[in-house]
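To start, the structure itself, in structure tokens.
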Amino acid sequence: MNIVPNPQSGLLLGFLPFVLIAAIYLVASAERRATNPNDKLLPPVAEMADTVRRVATEPDRRTEEIVLWSDTAASLQRLAIGLGFATLAGLTFGLVLGILPILNASLGPLVAVASMIPPMAVLPILFIVFGLGELSKIVLIIFGVAPFLVRDMTLAVAGLPKEQMVKAQSLGASTWQIAIRVVLPQIMPRLIEAVRLSLGPAFLFLISAEAIAADVGLGYRIFLMRRYLSMDVILPYVAWITLLSYAVDYALAQLARRGFSWAYVEERR
Amino acid sequence: MSALSIRNVWVEYDDQIVLERINLEITSGAFIAVVGPSGAGKSTFLRLILGQEQPTRGTILLDGTPLPPEPGPDRGVVFQRYSVFPHLTVLRNVLIAYEFESSKVLTRLTGPARRRAIAKSEHLLEGVGLAPDRHKYPSALSGGMQQRLAIAQALARRPRVLLLDEPFGALDPGTRSQMHALIRPLWRELGMTVIMVTHDIKEAFGLGTRLIALDRPRLDPQAPGRYGAIVTYDLDLDRDGPVPILKFSKPLDPSGDQDSFRERRQNA
């Protein structure tokens, strides 16, 4: 409990489980290949690297596009538009509901009920209403993430000390001025935190929607390759999705710390 | 001018009476210290004048006109905590008062208007000794410095009434004496009416020109909420010599007070 790792050994300790998993994979893969030369479950790393090179550099024979990049672009575009609108909705509605008690009284219960609807259960409705194209996938992400963001932002506004609102009014501020100068900047760090937490669910909804109906996308490719037991494509794709998700998360964390340093002063101490 | 008259004010929450029969005429430029035990409605009394709460019965007039039912720039306030905006630097905490005043939509000042507002803000910060710390965030300031910032901020719009809700309650005795030495000249210079709620009897006698004690003189054990707090003492402190009531005598100048504090600590 009192033995604390220094930064270098901490980094080393963090890498250790990854190295361990890689080693286990290598041993198991070699083992399976030794007993069955046609094993597809745990392809050797060399085989996976070859497949990655193929999907990342050579154009597909049918579509003439490089598969990995067209999949990544399609998925990231859906994710960005979906999360973007969800964030915008979460911020605007959360701010308005948090500041105006009258609107919260009339719309709060609706948001609370809407956030309980399982988004995957309405996916068929979305496919029927918006078709099988891009729109239904984007709406699924919005539907899955926005209610959480609205509720979290409403709570963030409610968590600001009442004294600040009274103080601002005693300095002559209108409701609008309090919203944009006192409340909005103070809930921005919390918004970024909430979007970071929403990344997992957003990817979940994206890949589910792509698995069910799509002709391009990371989720589509994984579920397509499942039919051929192509673990040499699926495993690198999973790793790639994880890396993308981690990168977005890291970028958001940096944005929060750089842009709103005042909110993290307590943490550093 | 900023005279307050409080006429037959009652505050009731459901079946609990908090304040009853409050009648006060407060002259312009008075420094009112409000004391009383916890739960006697001191903070409620302050929130009434602030406009954060409305009296159940009775009226409050500021220079003859009824108070608007919400906080406004004619009444400044300093709370014990959470008075300053943590996301703004010291300078911007004061500047925002002028931005609220002059830029109704964007709440941002530019060009000469901004320079004038900055000059006014810096003047206020110099008055409370925070000019060297103007670019720090409040979290980097000590408790006393945060309260000084809150005072500078509250003075920016030149309120007619300044309300202080136990402003120095969370400060150590030395810092508190410094704050006393700061607030009195500010009050003299600006000529506003100050109403200060405090737990510290000595502070109340040392700073106030008039002391108001709120308390519940009657208690019905079967119905604890039946009787509210009334004004039990109303003392005029604005004269020389000892105040003869309750064996309290008026302390000397607050700056001298600080020395006596140091002496006592050294002797101890």
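Going through the structure tokens in order, the chains are called A, B, and so on, while each chain numbers its residues from 1 and the ligands are numbered from 1 in the order shown.
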Using only C-alpha atoms, find which residues of chain B lie within 8 Å of chain A and jot them down as an MDAnalysis selection string. chainID B and resid 52 71:79 81:87 97 100:101 104:107 137 139 154 156:157
Take the residues that were just selected and, keeping N, CA and C atoms, output them as a PDB file, in the first residue's frame.
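Writing done, so here's out06.pdb:
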```pdb
ATOM      1  N   GLN B  52     -33.675  37.264  -2.974  1.00  0.00           N
ATOM      2  CA  GLN B  52     -33.643  35.833  -3.263  1.00  0.00           C
ATOM      3  C   GLN B  52     -34.880  35.142  -2.690  1.00  0.00           C
ATOM      4  N   PRO B  71     -32.718  39.363  -7.276  1.00  0.00           N
ATOM      5  CA  PRO B  71     -31.483  40.108  -7.032  1.00  0.00           C
ATOM      6  C   PRO B  71     -31.180  41.055  -8.190  1.00  0.00           C
ATOM      7  N   GLY B  72     -30.591  42.193  -7.883  1.00  0.00           N
ATOM      8  CA  GLY B  72     -30.275  43.164  -8.925  1.00  0.00           C
ATOM      9  C   GLY B  72     -29.020  43.937  -8.580  1.00  0.00           C
ATOM     10  N   PRO B  73     -28.526  44.750  -9.523  1.00  0.00           N
ATOM     11  CA  PRO B  73     -27.245  45.430  -9.314  1.00  0.00           C
ATOM     12  C   PRO B  73     -27.267  46.517  -8.236  1.00  0.00           C
ATOM     13  N   ASP B  74     -28.462  46.895  -7.724  1.00  0.00           N
ATOM     14  CA  ASP B  74     -28.468  47.899  -6.656  1.00  0.00           C
ATOM     15  C   ASP B  74     -28.135  47.288  -5.303  1.00  0.00           C
ATOM     16  N   ARG B  75     -28.107  45.937  -5.233  1.00  0.00           N
ATOM     17  CA  ARG B  75     -27.760  45.269  -3.971  1.00  0.00           C
ATOM     18  C   ARG B  75     -26.633  44.277  -4.220  1.00  0.00           C
ATOM     19  N   GLY B  76     -25.446  44.600  -3.731  1.00  0.00           N
ATOM     20  CA  GLY B  76     -24.302  43.709  -3.894  1.00  0.00           C
ATOM     21  C   GLY B  76     -24.273  42.705  -2.755  1.00  0.00           C
ATOM     22  N   VAL B  77     -23.572  41.592  -2.963  1.00  0.00           N
ATOM     23  CA  VAL B  77     -23.547  40.567  -1.916  1.00  0.00           C
ATOM     24  C   VAL B  77     -22.185  39.877  -1.875  1.00  0.00           C
ATOM     25  N   VAL B  78     -21.773  39.535  -0.659  1.00  0.00           N
ATOM     26  CA  VAL B  78     -20.593  38.678  -0.458  1.00  0.00           C
ATOM     27  C   VAL B  78     -21.032  37.536   0.446  1.00  0.00           C
ATOM     28  N   PHE B  79     -20.925  36.311  -0.064  1.00  0.00           N
ATOM     29  CA  PHE B  79     -21.287  35.150   0.745  1.00  0.00           C
ATOM     30  C   PHE B  79     -20.052  34.628   1.461  1.00  0.00           C
ATOM     31  N   ARG B  81     -18.921  31.581   1.180  1.00  0.00           N
ATOM     32  CA  ARG B  81     -18.176  30.772   0.200  1.00  0.00           C
ATOM     33  C   ARG B  81     -18.830  30.927  -1.166  1.00  0.00           C
ATOM     34  N   TYR B  82     -18.156  30.420  -2.201  1.00  0.00           N
ATOM     35  CA  TYR B  82     -18.696  30.337  -3.564  1.00  0.00           C
ATOM     36  C   TYR B  82     -19.073  31.693  -4.135  1.00  0.00           C
ATOM     37  N   SER B  83     -18.442  32.773  -3.669  1.00  0.00           N
ATOM     38  CA  SER B  83     -18.843  34.083  -4.159  1.00  0.00           C
ATOM     39  C   SER B  83     -18.181  34.439  -5.474  1.00  0.00           C
ATOM     40  N   VAL B  84     -17.012  33.872  -5.765  1.00  0.00           N
ATOM     41  CA  VAL B  84     -16.296  34.257  -6.979  1.00  0.00           C
ATOM     42  C   VAL B  84     -16.436  33.140  -8.016  1.00  0.00           C
ATOM     43  N   PHE B  85     -16.174  33.501  -9.278  1.00  0.00           N
ATOM     44  CA  PHE B  85     -16.326  32.531 -10.357  1.00  0.00           C
ATOM     45  C   PHE B  85     -14.999  31.795 -10.558  1.00  0.00           C
ATOM     46  N   PRO B  86     -14.978  30.479 -10.347  1.00  0.00           N
ATOM     47  CA  PRO B  86     -13.702  29.755 -10.383  1.00  0.00           C
ATOM     48  C   PRO B  86     -13.077  29.688 -11.773  1.00  0.00           C
ATOM     49  N   HIS B  87     -13.872  29.933 -12.837  1.00  0.00           N
ATOM     50  CA  HIS B  87     -13.345  29.777 -14.191  1.00  0.00           C
ATOM     51  C   HIS B  87     -12.784  31.080 -14.741  1.00  0.00           C
ATOM     52  N   ALA B  97     -18.459  42.107 -14.266  1.00  0.00           N
ATOM     53  CA  ALA B  97     -19.558  42.959 -13.803  1.00  0.00           C
ATOM     54  C   ALA B  97     -19.848  44.070 -14.815  1.00  0.00           C
ATOM     55  N   PHE B 100     -21.427  42.510 -17.950  1.00  0.00           N
ATOM     56  CA  PHE B 100     -22.864  42.296 -17.754  1.00  0.00           C
ATOM     57  C   PHE B 100     -23.615  43.604 -17.995  1.00  0.00           C
ATOM     58  N   GLU B 101     -23.008  44.715 -17.566  1.00  0.00           N
ATOM     59  CA  GLU B 101     -23.694  45.999 -17.619  1.00  0.00           C
ATOM     60  C   GLU B 101     -23.798  46.518 -19.052  1.00  0.00           C
ATOM     61  N   LYS B 104     -25.080  43.468 -23.544  1.00  0.00           N
ATOM     62  CA  LYS B 104     -26.207  42.638 -23.096  1.00  0.00           C
ATOM     63  C   LYS B 104     -26.267  41.284 -23.800  1.00  0.00           C
ATOM     64  N   VAL B 105     -25.800  41.203 -25.045  1.00  0.00           N
ATOM     65  CA  VAL B 105     -25.953  39.956 -25.797  1.00  0.00           C
ATOM     66  C   VAL B 105     -24.675  39.119 -25.739  1.00  0.00           C
ATOM     67  N   LEU B 106     -23.566  39.689 -26.206  1.00  0.00           N
ATOM     68  CA  LEU B 106     -22.323  38.918 -26.254  1.00  0.00           C
ATOM     69  C   LEU B 106     -21.643  38.857 -24.891  1.00  0.00           C
ATOM     70  N   THR B 107     -21.924  39.852 -24.029  1.00  0.00           N
ATOM     71  CA  THR B 107     -21.267  39.979 -22.739  1.00  0.00           C
ATOM     72  C   THR B 107     -19.742  40.000 -22.893  1.00  0.00           C
ATOM     73  N   TYR B 137      -6.014  32.429 -10.995  1.00  0.00           N
ATOM     74  CA  TYR B 137      -7.367  31.910 -10.827  1.00  0.00           C
ATOM     75  C   TYR B 137      -7.685  31.862  -9.336  1.00  0.00           C
ATOM     76  N   SER B 139      -8.685  29.643  -7.419  1.00  0.00           N
ATOM     77  CA  SER B 139      -8.218  28.465  -6.688  1.00  0.00           C
ATOM     78  C   SER B 139      -6.788  28.624  -6.206  1.00  0.00           C
ATOM     79  N   ALA B 154     -18.195  42.718  -5.720  1.00  0.00           N
ATOM     80  CA  ALA B 154     -19.499  43.210  -5.286  1.00  0.00           C
ATOM     81  C   ALA B 154     -19.587  44.729  -5.386  1.00  0.00           C
ATOM     82  N   ALA B 156     -18.177  46.525  -7.781  1.00  0.00           N
ATOM     83  CA  ALA B 156     -17.966  46.994  -9.150  1.00  0.00           C
ATOM     84  C   ALA B 156     -19.165  47.765  -9.696  1.00  0.00           C
ATOM     85  N   ARG B 157     -20.356  47.317  -9.387  1.00  0.00           N
ATOM     86  CA  ARG B 157     -21.533  47.995  -9.934  1.00  0.00           C
ATOM     87  C   ARG B 157     -22.024  49.106  -9.013  1.00  0.00           C
TER      88      ARG B 157
END
```
DSSP-assigned strand (DSSP E or B) members of segment 72-148 of chain B, reported as a ChimeraX atom specification: /B:75-78
DSSP alpha helix (DSSP H) selection over segment 24-243 of chain A, as number ranges by chain: A: 24-35, 45-57, 67-99, 101-114, 119-130, 134-158, 162-170, 175-177, 184-212, 218-226, 231-243
For Val55 of chain A, work out the shell of residues within 12 Å, counting only C-alpha atoms and skipping chain neighbours fewer than 2 positions away, then give it as a VMD selection string. chain A and resid 48 to 53 57 to 61 64 to 72 221 232 to 234 236 to 237
One residue among B:Leu124, B:Ala181, B:Ala140, B:Ile60 is nearest to Asn23 of chain B when using only C-alpha atoms, and that residue is B:Ile60
Would you mind telling me which residue in A:Pro109, A:Gly131, A:Pro118, A:Gly98 lies nearest to Gly159 of chain A when using only C-alpha atoms?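 Looking at the shortest contact to Gly159 of chain A, the residue is A:Gly98.
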